[in-house]
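> Below is one structure. I have some questions about it.
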Amino acid sequence: MISLLSRKNGAPIAEMMEATGWQAHSVRGFLSGTVRKKFGTAFGSMTTPKGERRYVIWQDQQ
């Protein structure tokens, strides 16, 4: 899942659900509980012009 989130345009929740077999609430729980809190990784979401929400890990801007 981290590799999906690390792509330039991130990944939609549907793609993460398909990759893991999890339901949407489980994917969101993983994002907030594991990615953000345990790994300390900053991530966010963006909405495409077509209205699709994609989640992405913010890369260091150093």
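Convention: chains lettered A, B, ... in structure tokens order; per-chain residue numbering from 1; ligands numbered from 1 as shown.
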Pick out the residues sitting within 8 Å of Gly10 (chain A), and hand them over as number ranges by chain; count only C-alpha atoms, and ignore anything fewer than 6 positions along from it in its own chain.
A: 4, 54-57
> Just asking: which residues within region 15-59 of chain A are strand (DSSP E or B) according to DSSP, as an MDAnalysis selection string?
chainID A and resid 43:47 53:57
> Give me, as a list in words, all polymer residues having an atom no more than 12 Å from Met17 (chain A), counting only C-alpha atoms and skipping those fewer than 2 positions away in the same chain.
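With the cut-off at 12 Å, the set is Met1, Leu4, Ala11, Pro12, Ile13, Ala14, Glu15, Ala19, Thr20, Gly21, Trp22, Gln23, Ala24, His25, Ser26, Val27, Arg28 and Phe30 of chain A.
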> Convert the current residue selection to file output with N, CA and C atoms, as a PDB file, in the first residue's frame.

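New file result.pdb:
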ATOM      1  N   MET A   1       0.826  -1.181   0.000  1.00  0.00           N
ATOM      2  CA  MET A   1       0.000   0.000   0.000  1.00  0.00           C
ATOM      3  C   MET A   1       0.875   1.251   0.000  1.00  0.00           C
ATOM      4  N   LEU A   4       1.720   2.301  -3.446  1.00  0.00           N
ATOM      5  CA  LEU A   4       0.614   2.978  -4.127  1.00  0.00           C
ATOM      6  C   LEU A   4       0.564   4.449  -3.723  1.00  0.00           C
ATOM      7  N   ALA A  11      -2.999   7.279  -4.997  1.00  0.00           N
ATOM      8  CA  ALA A  11      -3.931   6.217  -5.361  1.00  0.00           C
ATOM      9  C   ALA A  11      -5.316   6.523  -4.812  1.00  0.00           C
ATOM     10  N   PRO A  12      -6.347   6.168  -5.570  1.00  0.00           N
ATOM     11  CA  PRO A  12      -7.708   6.324  -5.051  1.00  0.00           C
ATOM     12  C   PRO A  12      -8.008   5.215  -4.050  1.00  0.00           C
ATOM     13  N   ILE A  13      -8.960   5.447  -3.187  1.00  0.00           N
ATOM     14  CA  ILE A  13      -9.294   4.463  -2.162  1.00  0.00           C
ATOM     15  C   ILE A  13      -9.742   3.143  -2.790  1.00  0.00           C
ATOM     16  N   ALA A  14     -10.419   3.208  -3.942  1.00  0.00           N
ATOM     17  CA  ALA A  14     -10.876   1.984  -4.609  1.00  0.00           C
ATOM     18  C   ALA A  14      -9.701   1.098  -5.012  1.00  0.00           C
ATOM     19  N   GLU A  15      -8.615   1.703  -5.457  1.00  0.00           N
ATOM     20  CA  GLU A  15      -7.430   0.929  -5.842  1.00  0.00           C
ATOM     21  C   GLU A  15      -6.781   0.286  -4.616  1.00  0.00           C
ATOM     22  N   ALA A  19      -6.328  -3.711  -3.878  1.00  0.00           N
ATOM     23  CA  ALA A  19      -5.005  -4.264  -3.594  1.00  0.00           C
ATOM     24  C   ALA A  19      -4.972  -5.042  -2.278  1.00  0.00           C
ATOM     25  N   THR A  20      -5.783  -4.618  -1.305  1.00  0.00           N
ATOM     26  CA  THR A  20      -5.733  -5.240   0.019  1.00  0.00           C
ATOM     27  C   THR A  20      -6.897  -6.172   0.316  1.00  0.00           C
ATOM     28  N   GLY A  21      -8.008  -5.991  -0.386  1.00  0.00           N
ATOM     29  CA  GLY A  21      -9.211  -6.754  -0.068  1.00  0.00           C
ATOM     30  C   GLY A  21      -9.965  -6.177   1.127  1.00  0.00           C
ATOM     31  N   TRP A  22      -9.579  -4.967   1.550  1.00  0.00           N
ATOM     32  CA  TRP A  22     -10.201  -4.324   2.700  1.00  0.00           C
ATOM     33  C   TRP A  22     -11.374  -3.465   2.268  1.00  0.00           C
ATOM     34  N   GLN A  23     -12.236  -3.149   3.244  1.00  0.00           N
ATOM     35  CA  GLN A  23     -13.317  -2.203   3.013  1.00  0.00           C
ATOM     36  C   GLN A  23     -12.772  -0.777   3.163  1.00  0.00           C
ATOM     37  N   ALA A  24     -13.535   0.184   2.669  1.00  0.00           N
ATOM     38  CA  ALA A  24     -13.085   1.581   2.671  1.00  0.00           C
ATOM     39  C   ALA A  24     -12.715   2.071   4.071  1.00  0.00           C
ATOM     40  N   HIS A  25     -13.523   1.745   5.078  1.00  0.00           N
ATOM     41  CA  HIS A  25     -13.224   2.236   6.430  1.00  0.00           C
ATOM     42  C   HIS A  25     -11.933   1.626   6.969  1.00  0.00           C
ATOM     43  N   SER A  26     -11.595   0.408   6.549  1.00  0.00           N
ATOM     44  CA  SER A  26     -10.342  -0.221   6.981  1.00  0.00           C
ATOM     45  C   SER A  26      -9.143   0.455   6.332  1.00  0.00           C
ATOM     46  N   VAL A  27      -9.271   0.814   5.066  1.00  0.00           N
ATOM     47  CA  VAL A  27      -8.195   1.527   4.376  1.00  0.00           C
ATOM     48  C   VAL A  27      -7.960   2.875   5.047  1.00  0.00           C
ATOM     49  N   ARG A  28      -9.034   3.612   5.316  1.00  0.00           N
ATOM     50  CA  ARG A  28      -8.887   4.917   5.970  1.00  0.00           C
ATOM     51  C   ARG A  28      -8.289   4.765   7.369  1.00  0.00           C
ATOM     52  N   PHE A  30      -6.195   2.414   8.316  1.00  0.00           N
ATOM     53  CA  PHE A  30      -4.771   2.138   8.105  1.00  0.00           C
ATOM     54  C   PHE A  30      -4.023   3.432   7.813  1.00  0.00           C
TER      55      PHE A  30
END
> Rounded to one decimal in Å, what is the spacing between CA of Gly40 (chain A) and CA of Glu18 (chain A)?
24.6 Å
> From the DSSP assignment of the backbone, select every residue of chain A that is alpha helix (DSSP H), and format the answer as a list in words.
Ile2, Ser3, Leu4, Leu5, Ser6, Ile13, Ala14, Glu15, Met16, Met17, Glu18, Ala19, Thr20, Ala24, His25, Ser26, Val27, Arg28, Gly29 and Phe30 of chain A
